[in-house]
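K.L.:
Below is the file input_32.cif, which contains mmCIF, C-alpha atoms.
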data_coords
loop_
_atom_site.label_atom_id
_atom_site.label_comp_id
_atom_site.auth_asym_id
_atom_site.auth_seq_id
_atom_site.Cartn_x
_atom_site.Cartn_y
_atom_site.Cartn_z
CA MET A 3 92.34 92.98 61.86
CA PHE A 4 95.49 90.96 61.21
CA ASP A 5 97.99 93.79 61.64
CA ALA A 6 96.28 95.05 64.80
CA ILE A 7 96.27 91.54 66.31
CA VAL A 8 99.97 91.02 65.57
CA ALA A 9 100.91 94.43 66.92
CA PHE A 10 98.96 93.92 70.16
CA SER A 11 100.35 90.41 70.76
CA GLU A 12 103.93 91.61 70.11
CA LEU A 13 104.64 88.34 68.28
CA GLU A 14 105.92 89.85 65.03
CA SER A 15 109.15 87.86 65.23
CA PHE A 16 107.32 84.54 65.56
CA LEU A 17 104.77 84.67 62.73
CA GLN A 18 106.61 81.99 60.74
CA MET A 19 106.88 79.66 63.73
CA PRO A 20 104.34 76.77 63.74
CA PHE A 21 101.60 77.47 66.28
CA LYS A 22 102.22 74.13 68.01
CA ARG A 23 105.70 75.43 68.92
CA TYR A 24 104.29 78.45 70.78
CA SER A 25 104.74 78.52 74.54
CA SER A 26 101.67 78.76 76.76
CA GLY A 27 102.41 82.44 77.29
CA MET A 28 102.63 83.12 73.56
CA THR A 29 99.39 81.23 72.97
CA VAL A 30 97.55 83.29 75.57
CA ARG A 31 98.99 86.52 74.16
CA LEU A 32 97.72 85.65 70.71
CA GLY A 33 94.33 84.50 71.96
CA PHE A 34 93.82 87.66 73.99
CA ALA A 35 94.92 89.84 71.10
CA ILE A 36 92.36 88.21 68.79
CA ALA A 37 89.53 88.45 71.33
CA ALA A 38 90.37 92.06 72.16
CA GLN A 39 90.22 93.16 68.52
CA VAL A 40 86.89 91.66 67.48
CA GLN A 41 84.75 93.96 69.68
CA PRO A 42 82.79 91.12 71.35
CA GLU A 43 79.49 91.64 73.16
CA ILE A 44 80.58 89.17 75.84
CA LEU A 45 84.22 88.31 76.57
CA LEU A 46 85.12 85.30 78.74
CA LEU A 47 88.57 85.54 80.30
CA ASP A 48 90.04 82.60 82.24
CA GLU A 49 93.36 83.46 83.95
CA VAL A 50 94.54 85.26 80.82
CA LEU A 51 96.59 87.78 82.80
CA ALA A 52 98.57 85.14 84.67
CA VAL A 53 101.28 85.11 81.98
CA GLY A 54 103.27 87.74 80.19
CA ASP A 55 105.50 90.48 81.48
CA LEU A 56 104.29 93.46 83.48
CA ALA A 57 104.14 95.79 80.49
CA PHE A 58 101.93 93.36 78.52
CA GLN A 59 99.64 92.87 81.53
CA GLN A 60 99.18 96.62 81.87
CA LYS A 61 98.36 96.84 78.16
CA CYS A 62 95.74 94.13 78.65
CA PHE A 63 94.19 96.04 81.55
CA ARG A 64 93.95 99.18 79.43
CA ARG A 65 92.32 97.25 76.60
CA LEU A 66 89.82 95.61 78.95
CA ALA A 67 88.91 99.01 80.36
CA GLU A 68 88.29 100.26 76.82
CA LEU A 69 86.06 97.28 76.00
CA LYS A 70 84.16 97.69 79.25
CA GLY A 71 83.64 101.37 78.50
CA ARG A 72 82.13 100.46 75.12
CA GLY A 73 79.60 98.14 76.71
CA THR A 74 81.29 94.74 76.45
CA THR A 75 80.31 92.36 79.24
CA LEU A 76 83.42 90.84 80.84
CA VAL A 77 83.36 87.51 82.68
CA PHE A 78 86.73 87.41 84.39
CA VAL A 79 87.92 84.20 86.07
CA SER A 80 91.06 84.67 88.14
CA HIS A 81 92.94 84.17 91.40
CA ASN A 82 94.44 87.64 91.00
CA LEU A 83 92.49 89.46 93.70
CA GLU A 84 93.81 92.90 92.84
CA ALA A 85 92.80 92.46 89.19
CA ILE A 86 89.30 91.38 90.23
CA GLN A 87 88.85 94.53 92.30
CA LYS A 88 90.29 96.65 89.50
CA LEU A 89 88.16 95.25 86.67
CA CYS A 90 84.94 93.90 88.09
CA ASP A 91 81.65 95.39 89.32
CA ARG A 92 80.36 92.14 90.83
CA ALA A 93 82.19 89.08 92.12
CA LEU A 94 81.25 85.43 92.62
CA TRP A 95 83.34 83.09 94.77
CA LEU A 96 83.31 79.55 93.38
CA GLN A 97 84.70 76.58 95.27
CA GLU A 98 84.60 73.07 93.83
CA GLY A 99 81.85 74.12 91.44
CA GLU A 100 79.62 75.68 94.09
CA ALA A 101 78.84 79.35 94.56
CA LEU A 102 79.81 80.28 98.12
CA ARG A 103 79.24 84.04 98.03
CA GLN A 104 78.51 86.86 95.65
CA GLY A 105 78.61 90.61 96.11
CA THR A 106 80.90 93.53 95.47
CA PRO A 107 84.53 92.67 94.62
CA ALA A 108 85.75 94.24 97.88
CA GLU A 109 83.37 92.10 99.95
CA ILE A 110 84.16 88.84 98.20
CA VAL A 111 87.92 89.44 98.20
CA ARG A 112 87.79 90.15 101.93
CA PHE A 113 85.86 86.92 102.64
CA TYR A 114 88.16 84.92 100.37
CA ARG A 115 91.30 86.30 102.00
CA GLU A 116 90.01 85.64 105.51
CA GLU A 117 89.21 82.03 104.66
CA ALA A 118 92.53 81.53 102.87
CA MET A 119 94.43 83.08 105.78
CA ARG A 120 92.72 80.84 108.33
CA HIS A 121 93.59 77.79 106.26
CA THR A 122 97.19 78.89 105.76
CA ILE A 123 97.73 79.71 109.43
CA LYS A 124 96.19 76.42 110.57
CA GLN A 125 98.44 74.41 108.27
CA ALA A 126 101.59 76.42 108.96
CA ALA A 127 101.15 76.52 112.74
CA ALA A 128 100.90 72.74 112.77
CA ASP A 129 104.06 72.36 110.70
CA PRO A 130 106.35 75.44 110.76
CA LEU A 131 109.31 75.44 108.40
CA VAL A 132 112.40 75.10 110.60
CA GLU A 133 115.83 74.76 108.99
CA GLY A 134 119.39 74.82 110.23
CA SER A 135 122.66 73.06 110.84
CA GLY A 136 122.15 72.55 114.57
CA ALA A 137 124.94 74.94 115.57
CA ILE A 138 122.30 77.37 116.83
CA ARG A 139 118.59 76.91 117.38
CA ILE A 140 115.77 79.46 117.44
CA THR A 141 113.83 78.60 120.57
CA ARG A 142 111.03 81.16 120.41
CA THR A 143 109.67 84.19 118.56
CA THR A 144 107.46 86.41 120.71
CA LEU A 145 105.47 89.51 119.78
CA LEU A 146 104.96 92.08 122.54
CA ASP A 147 102.93 95.28 122.74
CA ALA A 148 103.91 98.59 124.36
CA ASN A 149 103.25 97.13 127.83
CA GLY A 150 105.39 94.06 127.21
CA SER A 151 102.38 91.74 126.93
CA PRO A 152 102.18 89.04 124.25
CA VAL A 153 100.03 90.13 121.33
CA THR A 154 98.65 88.63 118.11
CA THR A 155 96.42 91.54 116.98
CA LEU A 156 97.50 95.14 116.64
CA GLN A 157 96.10 98.46 115.47
CA THR A 158 97.78 100.39 112.67
CA GLY A 159 100.44 102.67 114.13
CA GLU A 160 100.96 100.78 117.37
CA PRO A 161 104.46 99.81 118.55
CA LEU A 162 105.66 96.24 118.31
CA ARG A 163 108.56 94.42 119.91
CA ILE A 164 109.82 91.15 118.45
CA GLU A 165 111.90 88.97 120.76
CA VAL A 166 113.81 86.00 119.37
CA GLY A 167 115.29 83.46 121.76
CA PHE A 168 118.17 81.27 120.66
CA GLN A 169 120.38 78.45 121.95
CA ALA A 170 123.88 78.03 120.49
CA SER A 171 125.65 74.68 120.85
CA ARG A 172 129.00 76.28 119.98
CA PRO A 173 130.40 79.83 119.78
CA ILE A 174 128.91 81.66 116.77
CA LYS A 175 131.38 84.18 115.38
CA ARG A 176 130.10 87.54 114.12
CA PRO A 177 126.43 86.51 114.23
CA LEU A 178 123.88 88.23 112.02
CA PHE A 179 120.21 88.18 112.95
CA ARG A 180 117.70 88.82 110.17
CA ILE A 181 113.97 89.45 110.70
CA ALA A 182 111.35 89.99 108.03
CA ILE A 183 107.64 90.83 108.13
CA GLU A 184 105.61 89.40 105.26
CA ARG A 185 101.97 89.57 104.34
CA LEU A 186 100.48 86.11 103.95
CA ASP A 187 99.98 86.76 100.26
CA GLY A 188 103.78 86.76 99.96
CA MET A 189 104.47 90.49 99.84
CA LEU A 190 107.59 91.48 101.79
CA CYS A 191 106.68 94.46 103.98
CA HIS A 192 109.96 95.00 105.82
CA ALA A 193 113.24 93.16 106.32
CA THR A 194 116.20 94.21 108.42
CA SER A 195 119.35 92.72 109.90
CA SER A 196 121.15 93.40 113.15
CA ARG A 197 124.44 94.14 111.40
CA ALA A 198 122.94 96.63 108.93
CA ALA A 199 121.36 98.45 111.88
CA GLY A 200 124.72 98.71 113.65
CA LEU A 201 124.25 95.93 116.21
CA LYS A 202 127.49 93.97 116.08
CA ALA A 203 128.70 91.15 118.28
CA SER A 204 132.00 89.32 117.97
CA VAL A 205 130.57 86.05 119.28
CA VAL A 206 127.47 84.58 120.95
CA GLU A 207 127.16 81.27 122.73
CA GLY A 208 124.69 79.48 124.98
CA GLU A 209 121.25 81.02 125.47
CA GLY A 210 120.34 84.54 124.47
CA THR A 211 117.67 86.88 123.18
CA VAL A 212 117.77 89.41 120.36
CA THR A 213 115.10 92.13 120.18
CA LEU A 214 113.77 94.23 117.33
CA GLU A 215 111.55 97.20 118.22
CA TYR A 216 109.18 99.16 115.99
CA THR A 217 108.07 102.44 117.56
CA ALA A 218 105.08 102.62 115.19
CA LEU A 219 104.17 99.90 112.71
CA ASN A 220 101.88 101.44 110.10
CA LEU A 221 100.69 98.30 108.35
CA LEU A 222 97.10 98.18 107.13
CA PRO A 223 94.64 95.35 107.91
CA TYR A 224 95.86 91.92 106.83
CA HIS A 225 97.45 88.78 108.27
CA TYR A 226 101.23 88.80 108.59
CA GLN A 227 104.05 86.49 109.58
CA VAL A 228 107.51 86.99 111.03
CA THR A 229 110.44 85.04 109.60
CA VAL A 230 113.76 84.80 111.43
CA SER A 231 117.21 83.76 110.26
CA ILE A 232 120.57 83.56 112.03
CA LEU A 233 123.80 83.63 110.01
CA GLU A 234 127.48 83.45 110.91
CA ASP A 235 130.17 85.82 109.67
CA ASN A 236 129.89 86.20 105.88
CA ASN A 237 128.32 82.82 105.18
CA PRO A 238 125.11 83.49 103.15
CA ILE A 239 123.55 80.18 104.25
CA PRO A 240 121.62 80.56 107.55
CA LEU A 241 122.64 78.45 110.51
CA ALA A 242 119.01 78.55 111.62
CA SER A 243 115.75 79.88 110.22
CA VAL A 244 112.07 79.70 111.11
CA ARG A 245 109.22 80.45 108.73
CA HIS A 246 105.48 80.01 109.31
CA GLY A 247 106.08 80.03 113.05
CA CYS A 248 104.77 83.43 114.15
CA PHE A 249 101.60 85.08 112.86
CA PHE A 250 99.77 88.29 113.70
CA GLU A 251 96.98 90.48 112.37
CA PHE A 252 96.49 94.21 111.92
CA ASN A 253 93.24 96.13 112.30
CA SER A 254 92.79 99.80 111.51
CA ASP A 255 90.47 102.76 112.00
CA HIS A 256 91.84 104.28 108.81
CA HIS A 257 89.59 103.91 105.76
CA GLU A 258 92.42 103.31 103.34
CA HIS A 259 93.56 100.71 100.84
CA GLY A 260 97.04 99.43 100.17
CA ALA A 261 99.84 98.02 102.29
CA VAL A 262 100.75 100.81 104.72
CA HIS A 263 99.27 103.91 106.32
CA LEU A 264 101.15 107.05 105.37
CA GLU A 265 100.65 110.25 107.33
CA HIS A 266 98.88 112.68 105.05
CA ARG A 267 96.64 115.74 104.96
CA TRP A 268 93.90 116.90 102.59
CA SER A 269 93.10 120.50 101.68
CA LEU A 270 90.59 122.18 99.37
CA GLU A 271 90.54 125.68 98.00
CA PRO A 272 87.12 126.72 96.67
CA ALA A 273 87.00 127.91 93.08
CA GLY A 274 87.62 131.64 92.79
CA SER A 275 89.43 131.88 96.12
CA PRO A 276 92.61 134.00 96.13
#
Show this structure as structure tokens.
P.N.:
Amino acid sequence: MFDAIVAFSELESFLQMPFKRYSSGMTVRLGFAIAAQVQPEILLLDEVLAVGDLAFQQKCFRRLAELKGRGTTLVFVSHNLEAIQKLCDRALWLQEGEALRQGTPAEIVRFYREEAMRHTIKQAAADPLVEGSGAIRITRTTLLDANGSPVTTLQTGEPLRIEVGFQASRPIKRPLFRIAIERLDGMLCHATSSRAAGLKASVVEGEGTVTLEYTALNLLPYHYQVTVSILEDNNPIPLASVRHGCFFEFNSDHHEHGAVHLEHRWSLEPAGSP
């Protein structure tokens, strides 16, 4: 099996290097390659896909699918929720050594995410990350629905208006306002700036409000946050920024998976039809 192990691990150039000099990633590569070649009846995997580049991770997924198809039992320990749903038939949520829930991967991942989101929002709301030089201050970030009412929960496809209030202690030349929507797992869903959209101002001072409107926001169910930055002229360092200060949630009637709802249509032509 030696040649197959070396080829899978992609460590041909390091065979003469003492094992104690291997990085943690190289060690995991080699360990996985060995385990994957011996055709085990039961394979225990503890965060083995947390290292390595994307191509190697995809190769590992393919190999695990092959082993699973041949009858190998996989016990997969991971914080990678997408991998758990991709690989596993059953899931068990462990916390501090205790089993909290077990069920289908989709069920357990949903419960885990909801609990993690509640914890994150509680911590962040109590201590939002506010940075800046003091030249301009972000005074509020408000989410409004189609009727202009404050909102924290939306349905997929509904409009959303984001209003950002600011207070400048001096004239800000050629201001640039940047707003981003992120999922709470860190995925950037959309980011835009006032200048890129054609909104240009030579100077702002005193109090003001900048507004970003989405006519239809097609995000799928998850918790999200809005981050805001204000920059001056061509300086890449923000004069003011707020993160973890504005959260909202999406619900949906669409039975879909992924990040966004895309308009689509199904069709079926019966066999033998012209």
K.L.:
Find the residue from A:Phe168, A:Phe78, A:Tyr224, A:Phe179 that sits nearest to A:Ser254; use all atoms listed in the file when measuring.
P.N.:
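Answer, going by the shortest atom-to-atom distance: A:Tyr224.
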K.L.:
Considering only C-alpha atoms, state which residue in the set A:Leu131, A:Ala261, A:Leu45, A:Ala6 is at the smallest distance from A:Met189.
P.N.:
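The shortest atom-to-atom distance to A:Met189 comes from A:Ala261.
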K.L.:
Pick the closest to A:Arg142 from A:Ala85, A:Leu222, A:Leu46, A:Val244: which is it, counting only C-alpha atoms?
P.N.:
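The answer is A:Val244, which sits nearest to A:Arg142.
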K.L.:
Given the file above and the PyMOL selection byres ((chain A and resi 259) around 12), which residues are selected, and can you give them as a ChimeraX atom specification?
P.N.:
/A:84,87,108,221-224,254-258,260-264
K.L.:
If we count all atoms listed in the file, what is near A:Ala9 at a cut-off of 10 Å, once residues fewer than 5 positions away on the same chain are taken out, given as a PyMOL selection string?
P.N.:
chain A and resi 4+14+35
K.L.:
Given the selection you just returned, output its residues as a file containing C-alpha atoms, formatted as a short mmCIF file (atom, residue, chain, number, x, y, z; two decimals), in the coordinates of the input.
P.N.:
data_model
loop_
_atom_site.label_atom_id
_atom_site.label_comp_id
_atom_site.auth_asym_id
_atom_site.auth_seq_id
_atom_site.Cartn_x
_atom_site.Cartn_y
_atom_site.Cartn_z
CA PHE A 4 95.49 90.96 61.21
CA GLU A 14 105.92 89.85 65.03
CA ALA A 35 94.92 89.84 71.10
#
K.L.:
Please measure the separation of atom CA of A:Thr158 and atom CA of A:Val212, giving the value in Å to one decimal.
P.N.:
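Atom-to-atom, atom CA of A:Thr158 and atom CA of A:Val212 are spaced 24.1 Å apart.
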K.L.:
Check the smallest atom-to-atom distance from each of A:Leu56, A:Cys248, A:Leu51, A:Val111 to A:Thr155 using all atoms listed in the file, then report the winner.
P.N.:
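With all atoms listed in the file as the atom set, the closest residue is A:Cys248.
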K.L.:
Once you count all atoms listed in the file, which residues end up no further than 12 Å from (119.7, 95.7, 113.7) in the file's frame, shown as a short mmCIF file (atom, residue, chain, number, x, y, z; two decimals) with C-alpha atoms, keeping the file's coordinate frame?
P.N.:
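Output below, filename point_4.cif:
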data_model
loop_
_atom_site.label_atom_id
_atom_site.label_comp_id
_atom_site.auth_asym_id
_atom_site.auth_seq_id
_atom_site.Cartn_x
_atom_site.Cartn_y
_atom_site.Cartn_z
CA ILE A 164 109.82 91.15 118.45
CA PRO A 177 126.43 86.51 114.23
CA LEU A 178 123.88 88.23 112.02
CA PHE A 179 120.21 88.18 112.95
CA ARG A 180 117.70 88.82 110.17
CA ILE A 181 113.97 89.45 110.70
CA ALA A 182 111.35 89.99 108.03
CA ALA A 193 113.24 93.16 106.32
CA THR A 194 116.20 94.21 108.42
CA SER A 195 119.35 92.72 109.90
CA SER A 196 121.15 93.40 113.15
CA ARG A 197 124.44 94.14 111.40
CA ALA A 198 122.94 96.63 108.93
CA ALA A 199 121.36 98.45 111.88
CA GLY A 200 124.72 98.71 113.65
CA LEU A 201 124.25 95.93 116.21
CA LYS A 202 127.49 93.97 116.08
CA ALA A 203 128.70 91.15 118.28
CA VAL A 212 117.77 89.41 120.36
CA THR A 213 115.10 92.13 120.18
CA LEU A 214 113.77 94.23 117.33
CA GLU A 215 111.55 97.20 118.22
CA TYR A 216 109.18 99.16 115.99
#
K.L.:
Would you please work out which residue, of A:Gln169, A:Thr122, A:Gln227, A:Ser243, is nearest to A:Glu207 when using only C-alpha atoms?
P.N.:
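Closest to A:Glu207 of all the choices is A:Gln169.
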K.L.:
Quick check on the file I pasted: which residues fall under the PyMOL selection byres ((chain A and resi 167) around 7)? Write them as a CSV table (one decimal) with C-alpha atoms, keeping the file's coordinate frame.
P.N.:
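Generated file (part_5.csv):
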chain,number,residue,atom,x,y,z
A,140,ILE,CA,115.8,79.5,117.4
A,141,THR,CA,113.8,78.6,120.6
A,142,ARG,CA,111.0,81.2,120.4
A,143,THR,CA,109.7,84.2,118.6
A,165,GLU,CA,111.9,89.0,120.8
A,166,VAL,CA,113.8,86.0,119.4
A,168,PHE,CA,118.2,81.3,120.7
A,210,GLY,CA,120.3,84.5,124.5
A,211,THR,CA,117.7,86.9,123.2
A,212,VAL,CA,117.8,89.4,120.4
K.L.:
For atom CA of A:His225 and atom CA of A:Val50, quote the distance in Å rounded to one decimal.
P.N.:
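Distance between the two atoms: 27.8 Å.
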K.L.:
At a cut-off of 12 Å, using all atoms listed in the file, what residues contact A:Ile44? Leave out same-chain residues fewer than 3 positions from it and give the result as a list in words.
P.N.:
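Neighbouring residues, sequence-local ones excluded: Ala37, Ala38, Val40, Gln41, Leu47, Leu66, Leu69, Lys70, Arg72, Gly73, Thr74, Thr75, Leu76, Val77 and Phe78 of chain A.
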K.L.:
In terms of the shortest atom-to-atom distance over only C-alpha atoms, which of A:Phe250, A:Tyr226, A:Trp95, A:Phe113 is closest to A:Val153?
P.N.:
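Under the stated criterion, the closest residue is A:Phe250.
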K.L.:
Using Å and a single decimal, report how far atom CA of A:Val8 sits from atom CA of A:His81.
P.N.:
27.6 Å
K.L.:
Give me, as a PyMOL selection string, all polymer residues having an atom no more than 12 Å from A:Leu241, counting only C-alpha atoms and skipping those fewer than 3 positions away in the same chain.
P.N.:
chain A and resi 132-140+168-172+174-175+177-180+230-238+244
K.L.:
For A:Asp129, please output as a list in words all residues within 10 Å (counting only C-alpha atoms; exclusion window: fewer than 6 positions along the same chain).
P.N.:
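What passes the distance filter is Ile123, Arg245, His246 and Gly247 of chain A.
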K.L.:
Extract, using only C-alpha atoms, all DNA, RNA and protein residues at most 9 Å from A:Phe34, discarding same-chain residues fewer than 4 positions from it, and format them as an mmCIF file with C-alpha atoms, in the coordinates of the input.
P.N.:
data_model
loop_
_atom_site.group_PDB
_atom_site.id
_atom_site.type_symbol
_atom_site.label_atom_id
_atom_site.label_comp_id
_atom_site.auth_asym_id
_atom_site.auth_seq_id
_atom_site.Cartn_x
_atom_site.Cartn_y
_atom_site.Cartn_z
ATOM 1 C CA ILE A 7 96.270 91.540 66.310
ATOM 2 C CA PHE A 10 98.960 93.920 70.160
ATOM 3 C CA SER A 11 100.350 90.410 70.760
ATOM 4 C CA THR A 29 99.390 81.230 72.970
ATOM 5 C CA VAL A 30 97.550 83.290 75.570
ATOM 6 C CA ALA A 38 90.370 92.060 72.160
ATOM 7 C CA GLN A 39 90.220 93.160 68.520
ATOM 8 C CA LEU A 47 88.570 85.540 80.300
ATOM 9 C CA VAL A 50 94.540 85.260 80.820
ATOM 10 C CA CYS A 62 95.740 94.130 78.650
#
K.L.:
If we draw a sphere of 10 Å around (93.6, 81.4, 113.2), which residues have at least one atom in it when counting all atoms listed in the file? Please report them as a list in words.
P.N.:
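Using all atoms listed in the file, the matching residues come out as Glu116, Glu117, Met119, Arg120, His121, Thr122, Ile123, Lys124, Gln125, Ala127, His225, Phe249, Phe250 and Glu251 of chain A.
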K.L.:
On this file, the PyMOL selection byres ((chain A and resi 217) around 9) gives some set of residues; write that set as a ChimeraX atom specification.
P.N.:
/A:148,159-163,215-216,218-219
K.L.:
Since the input is missing atoms for stretch 170-179 of chain A, could you rebuild it with all heavy atoms and give the result as a short mmCIF file (atom, residue, chain, number, x, y, z; two decimals), in the frame of the given file?
P.N.:
data_model
loop_
_atom_site.label_atom_id
_atom_site.label_comp_id
_atom_site.auth_asym_id
_atom_site.auth_seq_id
_atom_site.Cartn_x
_atom_site.Cartn_y
_atom_site.Cartn_z
N ALA A 170 122.73 78.39 121.32
CA ALA A 170 123.88 78.03 120.49
C ALA A 170 124.62 76.86 121.14
O ALA A 170 124.93 76.88 122.33
CB ALA A 170 124.81 79.21 120.33
N SER A 171 124.92 75.84 120.34
CA SER A 171 125.65 74.68 120.85
C SER A 171 127.16 74.86 120.76
O SER A 171 127.92 74.05 121.28
CB SER A 171 125.23 73.42 120.08
OG SER A 171 125.50 73.57 118.69
N ARG A 172 127.58 75.94 120.07
CA ARG A 172 129.00 76.28 119.98
C ARG A 172 129.10 77.79 119.81
O ARG A 172 128.10 78.46 119.49
CB ARG A 172 129.66 75.56 118.79
CG ARG A 172 129.13 75.99 117.43
CD ARG A 172 130.04 75.54 116.31
NE ARG A 172 129.52 75.84 114.97
CZ ARG A 172 129.61 77.02 114.37
NH1 ARG A 172 130.20 78.05 115.01
NH2 ARG A 172 129.14 77.20 113.15
N PRO A 173 130.25 78.40 120.00
CA PRO A 173 130.40 79.83 119.78
C PRO A 173 130.11 80.18 118.31
O PRO A 173 130.64 79.55 117.40
CB PRO A 173 131.87 80.10 120.14
CG PRO A 173 132.23 78.99 121.07
CD PRO A 173 131.48 77.79 120.60
N ILE A 174 129.26 81.18 118.11
CA ILE A 174 128.91 81.66 116.77
C ILE A 174 129.63 82.98 116.55
O ILE A 174 129.37 83.98 117.24
CB ILE A 174 127.39 81.86 116.62
CG1 ILE A 174 126.64 80.58 117.01
CG2 ILE A 174 127.07 82.29 115.20
CD1 ILE A 174 126.97 79.38 116.17
N LYS A 175 130.56 83.00 115.60
CA LYS A 175 131.38 84.18 115.38
C LYS A 175 130.64 85.18 114.47
O LYS A 175 130.06 84.81 113.47
CB LYS A 175 132.70 83.78 114.72
CG LYS A 175 133.54 82.83 115.58
CD LYS A 175 134.81 82.43 114.86
CE LYS A 175 135.65 81.47 115.70
NZ LYS A 175 136.89 81.05 114.98
N ARG A 176 130.72 86.43 114.86
CA ARG A 176 130.10 87.54 114.12
C ARG A 176 128.69 87.17 113.65
O ARG A 176 128.40 87.13 112.46
CB ARG A 176 130.96 87.96 112.93
CG ARG A 176 132.34 88.48 113.31
CD ARG A 176 133.10 89.02 112.11
NE ARG A 176 132.47 90.24 111.63
CZ ARG A 176 132.07 90.41 110.37
NH1 ARG A 176 132.22 89.45 109.48
NH2 ARG A 176 131.52 91.55 109.99
N PRO A 177 127.78 86.93 114.60
CA PRO A 177 126.43 86.51 114.23
C PRO A 177 125.65 87.65 113.57
O PRO A 177 125.85 88.83 113.88
CB PRO A 177 125.81 86.13 115.56
CG PRO A 177 126.52 86.99 116.56
CD PRO A 177 127.93 87.09 116.06
N LEU A 178 124.77 87.28 112.67
CA LEU A 178 123.88 88.23 112.02
C LEU A 178 122.46 87.70 112.17
O LEU A 178 122.17 86.56 111.80
CB LEU A 178 124.24 88.37 110.54
CG LEU A 178 123.44 89.39 109.72
CD1 LEU A 178 124.29 89.97 108.61
CD2 LEU A 178 122.18 88.75 109.12
N PHE A 179 121.62 88.53 112.76
CA PHE A 179 120.21 88.18 112.95
C PHE A 179 119.38 88.94 111.91
O PHE A 179 119.52 90.15 111.75
CB PHE A 179 119.74 88.55 114.35
CG PHE A 179 120.50 87.85 115.44
CD1 PHE A 179 121.64 88.43 115.99
CD2 PHE A 179 120.09 86.62 115.92
CE1 PHE A 179 122.36 87.79 116.99
CE2 PHE A 179 120.79 85.98 116.93
CZ PHE A 179 121.93 86.56 117.45
#
